[in-house]
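This is target.txt (compact mmCIF, C-alpha atoms).
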```
# COMPACT_ATOMS: atom_id res chain seq x y z
CA MET U 1330 4.39 -87.29 -47.58
CA LEU U 1331 4.50 -90.17 -45.16
CA GLN U 1332 1.60 -92.61 -45.67
CA HIS U 1333 0.35 -94.75 -42.85
CA ARG U 1334 -2.70 -96.78 -42.07
CA PRO U 1335 -5.23 -95.66 -39.44
CA TRP U 1336 -4.46 -97.01 -36.03
CA HIS U 1337 -7.79 -98.85 -35.86
CA ALA U 1338 -6.98 -100.66 -39.13
CA THR U 1339 -3.63 -102.01 -38.03
CA THR U 1340 -3.63 -105.76 -38.52
CA THR U 1341 -2.60 -107.86 -35.56
CA CYS U 1342 -1.56 -111.44 -35.58
CA ALA U 1343 -4.92 -112.35 -34.05
CA ASP U 1344 -6.67 -111.10 -37.23
CA GLN U 1345 -4.53 -113.02 -39.67
CA PRO U 1346 -5.66 -116.47 -40.75
CA SER U 1347 -2.90 -119.04 -40.57
CA SER U 1348 -2.61 -122.71 -41.26
CA ARG U 1349 0.23 -122.98 -38.81
CA PRO U 1350 -0.39 -124.27 -35.31
CA ARG U 1351 -1.85 -121.56 -33.09
CA ARG U 1352 0.83 -120.06 -30.82
CA SER U 1353 0.43 -118.22 -27.58
CA LYS U 1354 -0.79 -114.65 -27.87
CA ILE U 1355 2.44 -113.16 -26.54
CA GLU U 1356 4.69 -115.28 -28.68
CA GLY U 1357 2.72 -114.73 -31.86
CA CYS U 1358 2.48 -110.92 -31.46
CA SER U 1359 6.08 -110.12 -30.57
CA ALA U 1360 7.33 -109.53 -34.10
CA PRO U 1361 4.38 -107.47 -35.40
CA ALA U 1362 4.39 -105.37 -32.21
CA THR U 1363 8.07 -104.59 -32.70
CA MET U 1364 7.37 -103.59 -36.29
CA ALA U 1365 4.49 -101.33 -35.19
CA SER U 1366 6.70 -99.64 -32.59
CA ALA U 1367 9.37 -99.01 -35.19
CA ALA U 1368 6.75 -97.52 -37.54
CA ILE U 1369 5.58 -95.13 -34.82
CA ASP U 1370 9.15 -94.04 -34.13
CA ASP U 1371 9.69 -93.39 -37.83
CA ALA U 1372 6.48 -91.38 -38.03
CA LEU U 1373 7.42 -89.22 -35.04
CA ALA U 1374 10.89 -88.62 -36.43
CA HIS U 1375 9.37 -87.59 -39.76
CA VAL U 1376 6.95 -85.17 -38.04
CA ARG U 1377 9.81 -83.60 -36.06
CA SER U 1378 11.77 -83.19 -39.28
CA LEU U 1379 8.80 -81.48 -40.96
CA ILE U 1380 8.43 -79.07 -38.01
CA GLU U 1381 12.12 -78.17 -38.18
CA ASP U 1382 11.83 -77.57 -41.93
CA VAL U 1383 8.81 -75.30 -41.47
CA GLU U 1384 10.48 -73.31 -38.64
CA GLY U 1385 13.59 -72.91 -40.75
CA ALA U 1386 11.54 -71.46 -43.60
CA LEU U 1387 9.83 -68.88 -41.41
CA LYS U 1388 11.13 -65.34 -41.12
CA PRO U 1389 12.52 -64.43 -37.68
CA GLU U 1390 9.50 -62.23 -36.87
CA GLU U 1391 7.12 -65.13 -37.72
CA ARG U 1392 8.69 -67.56 -35.31
CA ALA U 1393 7.28 -68.12 -31.86
CA PRO U 1394 9.04 -65.81 -29.36
CA LYS U 1395 11.36 -67.41 -26.85
CA ALA U 1396 10.65 -66.92 -23.18
CA ALA U 1397 12.69 -64.05 -21.78
CA LYS U 1398 15.01 -64.70 -18.87
CA PRO U 1399 13.98 -62.88 -15.69
CA SER U 1400 16.33 -60.05 -14.82
CA GLY U 1401 16.47 -56.78 -12.93
CA SER U 1402 15.60 -53.57 -14.68
CA LYS U 1403 18.39 -51.15 -15.46
CA GLN U 1404 18.94 -47.50 -14.79
CA ASN U 1405 21.34 -45.83 -17.22
CA GLY U 1406 23.07 -49.10 -18.04
CA LYS U 1407 23.44 -50.24 -14.44
CA PRO U 1408 21.24 -52.64 -12.47
CA SER U 1409 18.31 -50.94 -10.80
CA SER U 1410 15.74 -52.55 -8.50
CA GLN U 1411 15.81 -56.28 -9.07
CA ALA U 1412 12.84 -58.09 -10.60
CA GLY U 1413 10.08 -58.21 -8.03
CA GLU U 1414 11.95 -55.96 -5.63
CA SER U 1415 10.00 -53.10 -4.04
CA ASP U 1416 11.25 -49.57 -3.44
CA ASP U 1417 11.31 -50.35 0.28
CA GLU U 1418 13.66 -53.28 -0.29
CA SER U 1419 15.93 -51.11 -2.43
CA ALA U 1420 15.92 -48.43 0.27
CA LEU U 1421 16.67 -50.91 3.05
CA LEU U 1422 19.64 -52.20 1.08
CA PHE U 1423 20.99 -48.66 0.67
CA ALA U 1424 20.48 -47.93 4.39
CA LYS U 1425 22.97 -50.65 5.30
CA ALA U 1426 25.82 -48.47 4.04
CA LYS U 1427 26.77 -45.73 6.49
CA LEU U 1428 27.49 -42.95 4.02
CA VAL U 1429 28.44 -39.67 5.68
CA VAL U 1430 29.92 -36.30 4.87
CA ALA U 1431 33.62 -36.18 5.82
CA ARG U 1432 36.10 -33.32 5.90
CA VAL U 1433 39.65 -34.02 4.76
CA ALA U 1434 41.73 -33.01 7.78
CA LYS U 1435 45.09 -34.25 6.54
CA ALA U 1436 46.52 -35.51 3.25
CA ASP U 1437 49.98 -36.83 2.45
CA ASP U 1438 51.64 -39.00 -0.15
CA HIS U 1439 52.05 -42.61 0.91
CA PRO U 1440 55.78 -43.07 1.55
CA GLU U 1441 55.87 -46.55 0.01
CA ALA U 1442 53.20 -46.54 -2.71
CA ASP U 1443 53.20 -44.45 -5.88
CA ARG U 1444 49.42 -44.21 -6.31
CA LEU U 1445 48.20 -43.89 -2.72
CA LEU U 1446 47.48 -41.02 -0.39
CA CYS U 1447 47.35 -41.25 3.41
CA LEU U 1448 44.42 -39.21 4.74
CA GLN U 1449 42.76 -38.30 8.01
CA LEU U 1450 38.99 -37.74 7.75
CA ASP U 1451 36.87 -35.80 10.19
CA VAL U 1452 33.59 -37.78 10.30
CA GLY U 1453 31.86 -35.81 13.03
CA ALA U 1454 31.41 -36.27 16.79
CA GLU U 1455 35.03 -35.16 17.21
CA ALA U 1456 36.21 -38.36 15.52
CA THR U 1457 38.83 -38.80 12.83
CA VAL U 1458 39.62 -41.97 10.91
CA PRO U 1459 42.65 -42.92 8.82
CA VAL U 1460 42.05 -43.61 5.15
CA VAL U 1461 44.34 -44.88 2.42
CA ALA U 1462 43.00 -43.84 -0.98
CA GLY U 1463 44.15 -44.45 -4.53
CA LEU U 1464 43.79 -40.81 -5.48
CA LYS U 1465 47.39 -39.79 -6.06
CA GLY U 1466 47.69 -38.02 -9.38
CA HIS U 1467 43.99 -37.19 -9.35
CA VAL U 1468 44.00 -34.72 -6.43
CA GLU U 1469 46.70 -32.51 -4.99
CA PRO U 1470 47.16 -33.32 -1.29
CA ALA U 1471 47.53 -29.69 -0.20
CA ALA U 1472 44.43 -28.61 -2.11
CA PHE U 1473 42.47 -31.62 -0.91
CA ILE U 1474 42.71 -30.58 2.75
CA GLY U 1475 39.49 -28.98 3.93
CA GLN U 1476 37.29 -30.42 1.21
CA HIS U 1477 34.00 -32.07 2.18
CA VAL U 1478 33.59 -35.47 0.56
CA VAL U 1479 31.41 -38.57 0.96
CA ALA U 1480 32.78 -41.61 2.78
CA ILE U 1481 31.49 -44.99 3.87
CA THR U 1482 32.51 -45.64 7.45
CA ASN U 1483 31.19 -49.12 8.29
CA LEU U 1484 33.34 -51.29 6.05
CA LYS U 1485 35.75 -53.68 7.71
CA PRO U 1486 39.10 -51.92 8.37
CA CYS U 1487 41.96 -53.16 6.22
CA LYS U 1488 45.64 -52.54 5.54
CA LEU U 1489 46.83 -51.05 2.30
CA ALA U 1490 50.58 -50.94 1.68
CA GLY U 1491 51.15 -51.34 5.40
CA ARG U 1492 48.78 -48.54 6.50
CA VAL U 1493 45.42 -49.05 8.21
CA SER U 1494 42.36 -47.73 6.37
CA GLU U 1495 39.10 -47.47 8.34
CA ALA U 1496 36.86 -45.82 5.75
CA MET U 1497 36.62 -45.22 2.02
CA ILE U 1498 36.08 -42.05 0.01
CA LEU U 1499 33.57 -42.39 -2.82
CA ALA U 1500 34.66 -41.30 -6.28
CA ALA U 1501 33.47 -41.63 -9.86
CA SER U 1502 35.64 -42.44 -12.84
CA CYS U 1503 35.48 -42.56 -16.62
CA GLU U 1504 37.90 -43.02 -19.49
CA ARG U 1505 39.85 -39.90 -20.35
CA GLN U 1506 42.95 -39.94 -22.55
CA GLY U 1507 45.97 -38.06 -21.26
CA MET U 1508 45.10 -38.40 -17.59
CA PRO U 1509 46.84 -40.79 -15.16
CA GLY U 1510 45.98 -44.30 -16.26
CA ASN U 1511 43.80 -42.73 -18.97
CA ARG U 1512 41.12 -42.34 -16.28
CA CYS U 1513 39.36 -39.24 -15.00
CA VAL U 1514 38.64 -39.65 -11.27
CA ARG U 1515 36.53 -37.21 -9.29
CA VAL U 1516 35.50 -37.52 -5.64
CA LEU U 1517 31.88 -36.99 -4.65
CA GLN U 1518 31.35 -33.47 -3.31
CA ALA U 1519 29.09 -32.72 -0.35
CA PRO U 1520 26.88 -29.63 -0.63
CA ALA U 1521 27.92 -26.35 0.92
CA GLY U 1522 27.06 -26.16 4.61
CA ALA U 1523 27.00 -29.92 5.16
CA LYS U 1524 28.83 -30.79 8.36
CA PRO U 1525 31.08 -33.80 8.98
CA GLY U 1526 29.03 -36.78 10.09
CA ALA U 1527 25.85 -35.76 8.24
CA ARG U 1528 24.19 -38.82 6.72
CA VAL U 1529 23.86 -39.10 2.98
CA ARG U 1530 20.35 -40.20 2.04
CA CYS U 1531 18.59 -41.35 -1.10
CA ARG U 1532 15.78 -38.99 -2.14
CA GLY U 1533 12.32 -40.54 -2.14
CA LYS U 1534 13.22 -43.77 -0.36
CA ASP U 1535 11.65 -43.24 3.06
CA ALA U 1536 12.15 -46.84 4.20
CA GLN U 1537 15.87 -46.12 4.65
CA ASN U 1538 15.03 -44.18 7.81
CA LYS U 1539 13.49 -47.23 9.49
CA VAL U 1540 16.75 -49.07 10.16
CA GLU U 1541 20.22 -48.38 11.48
CA ALA U 1542 23.31 -49.27 9.48
CA PRO U 1543 25.16 -52.31 10.84
CA LYS U 1544 28.44 -51.77 12.64
CA THR U 1545 30.29 -53.68 9.92
CA LEU U 1546 28.97 -54.03 6.39
CA SER U 1547 29.89 -57.13 4.40
CA SER U 1548 31.80 -56.60 1.17
CA LYS U 1549 29.12 -58.59 -0.70
CA ILE U 1550 26.33 -56.20 0.33
CA TRP U 1551 28.51 -53.18 -0.38
CA ALA U 1552 29.20 -54.53 -3.88
CA ALA U 1553 25.44 -54.85 -4.46
CA ILE U 1554 24.97 -51.21 -3.42
CA VAL U 1555 27.89 -49.97 -5.53
CA SER U 1556 26.45 -51.72 -8.61
CA ARG U 1557 23.52 -49.28 -8.42
CA LEU U 1558 25.52 -46.07 -8.02
CA VAL U 1559 25.99 -43.92 -11.11
CA VAL U 1560 26.49 -40.31 -12.23
CA GLN U 1561 23.95 -38.42 -14.33
CA GLU U 1562 24.30 -34.73 -15.16
CA SER U 1563 27.04 -34.35 -12.53
CA THR U 1564 24.73 -35.74 -9.83
CA ALA U 1565 25.22 -38.92 -7.81
CA LEU U 1566 22.34 -41.41 -8.06
CA TYR U 1567 21.38 -44.68 -6.40
CA ASP U 1568 18.80 -46.77 -8.25
CA GLY U 1569 17.92 -43.67 -10.23
CA CYS U 1570 17.31 -41.57 -7.09
CA VAL U 1571 19.38 -38.51 -6.13
CA LEU U 1572 21.86 -38.75 -3.25
CA GLU U 1573 21.63 -35.78 -0.89
CA THR U 1574 21.97 -34.38 2.60
CA GLU U 1575 19.65 -31.92 4.30
CA GLU U 1576 21.76 -29.13 2.80
CA GLY U 1577 21.55 -30.23 -0.82
CA VAL U 1578 22.57 -32.65 -3.58
CA ILE U 1579 25.77 -34.70 -3.85
CA LYS U 1580 27.62 -33.54 -6.96
CA VAL U 1581 30.33 -35.15 -9.12
CA PRO U 1582 31.49 -32.56 -11.68
CA GLY U 1583 33.93 -33.36 -14.44
CA VAL U 1584 32.95 -36.95 -15.33
CA ASP U 1585 30.80 -38.37 -18.10
CA ASP U 1586 27.20 -39.44 -17.66
CA ASN U 1587 26.89 -43.12 -16.60
CA SER U 1588 30.28 -42.96 -14.87
CA GLU U 1589 30.52 -45.59 -12.16
CA ILE U 1590 30.81 -44.63 -8.51
CA HIS U 1591 32.96 -46.75 -6.25
```

Before anything else, please render the file you have as structure tokens.
Amino acid sequence: MLQHRPWHATTTCADQPSSRPRRSKIEGCSAPATMASAAIDDALAHVRSLIEDVEGALKPEERAPKAAKPSGSKQNGKPSSQAGESDDESALLFAKAKLVVARVAKADDHPEADRLLCLQLDVGAEATVPVVAGLKGHVEPAAFIGQHVVAITNLKPCKLAGRVSEAMILAASCERQGMPGNRCVRVLQAPAGAKPGARVRCRGKDAQNKVEAPKTLSSKIWAAIVSRLVVQESTALYDGCVLETEEGVIKVPGVDDNSEIH
């Protein structure tokens, strides 16, 4: 164990008798002060070493817990409301996406892309929008016509393989051997009786009704919304809350629980 003298007993040059000519206080104390400083440094280093030895000897459960990093809670393996975020804030984020029921009015193979379909969606108010979707191999175009799906209609229009796409159909996917790309893809299904243009809402989040969706939604905000969409028991959820219309619940049959929606 390190031995050291009490601080009050440390001898200074002023305490030491000397037959040599008396020097100035600063000059005479420089060497002992340097030695004292070095001793303190050695003592501190020794104490740190002892602490490390003791911590190393402790069992993991006996060690002091490390501070946890702040993070958002999770719902079924996907981010839910962020730390400190209220339900109202989560609802207002969801409300920025204009999710509506859409009826597939037309469906054809893309003439220049192996995995794309060219669609026309009836989104209500006697309006149709063109959509290019990567659903080829997962749905049959002829059978797809007339189905009621869920689409987001306020993303920025883009071109895919030379064709304009003004909306996007929501679908869920999971790994499934033997299917195209070893993926099982299923589009979200609107409830029976839901008409084109009907808004898709999030059950229990009343704040979503306080705002209108922007004309154009940024891809960054949409990505934040998508990160919270998931399937549980064949039902589409946002932040753990059921997606629905006035007619009923949005379903996604045929995919595994925790499948991502995009």

Compile the contact shell of stretch 1520-1530 of chain U as a ChimeraX atom specification: residues with an atom at most 8 Å away, counting all atoms listed in the file, same-chain residues fewer than 4 positions apart removed. /U:1427-1432,1451-1454,1477,1479,1537,1572-1580

For the atom pair atom CA of U:Ser1588 and atom CA of U:Ala1426, what is the interatomic distance in Å to one decimal place? 20.2 Å

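We find atom CA of U:Ile1474 and atom CA of U:Val1433 to be spaced 5.0 Å apart.
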
Of the candidates U:Ala1490, U:Leu1484, U:Cys1531, U:Ala1501, which one gets nearest to U:Cys1513 if we count all atoms listed in the file? U:Ala1501

Counting all atoms listed in the file, figure out which residue out of U:Leu1464, U:Val1458, U:Met1508, U:Ala1536 gets nearest to U:Ala1442. U:Leu1464

Excluding U:Leu1422 and its own-chain neighbours fewer than 3 positions away, which residues fall within 10 Å of it when counting all atoms listed in the file? Please give them as a compact mmCIF listing (two decimals) with C-alpha atoms, keeping the file's coordinate frame.
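The resulting file, result20.txt, is shown below:
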```
# COMPACT_ATOMS: atom_id res chain seq x y z
CA ASP U 1416 11.25 -49.57 -3.44
CA ASP U 1417 11.31 -50.35 0.28
CA GLU U 1418 13.66 -53.28 -0.29
CA SER U 1419 15.93 -51.11 -2.43
CA LYS U 1425 22.97 -50.65 5.30
CA ALA U 1426 25.82 -48.47 4.04
CA ALA U 1536 12.15 -46.84 4.20
CA GLN U 1537 15.87 -46.12 4.65
CA ALA U 1542 23.31 -49.27 9.48
CA ILE U 1550 26.33 -56.20 0.33
CA TRP U 1551 28.51 -53.18 -0.38
CA ALA U 1553 25.44 -54.85 -4.46
CA ILE U 1554 24.97 -51.21 -3.42
```
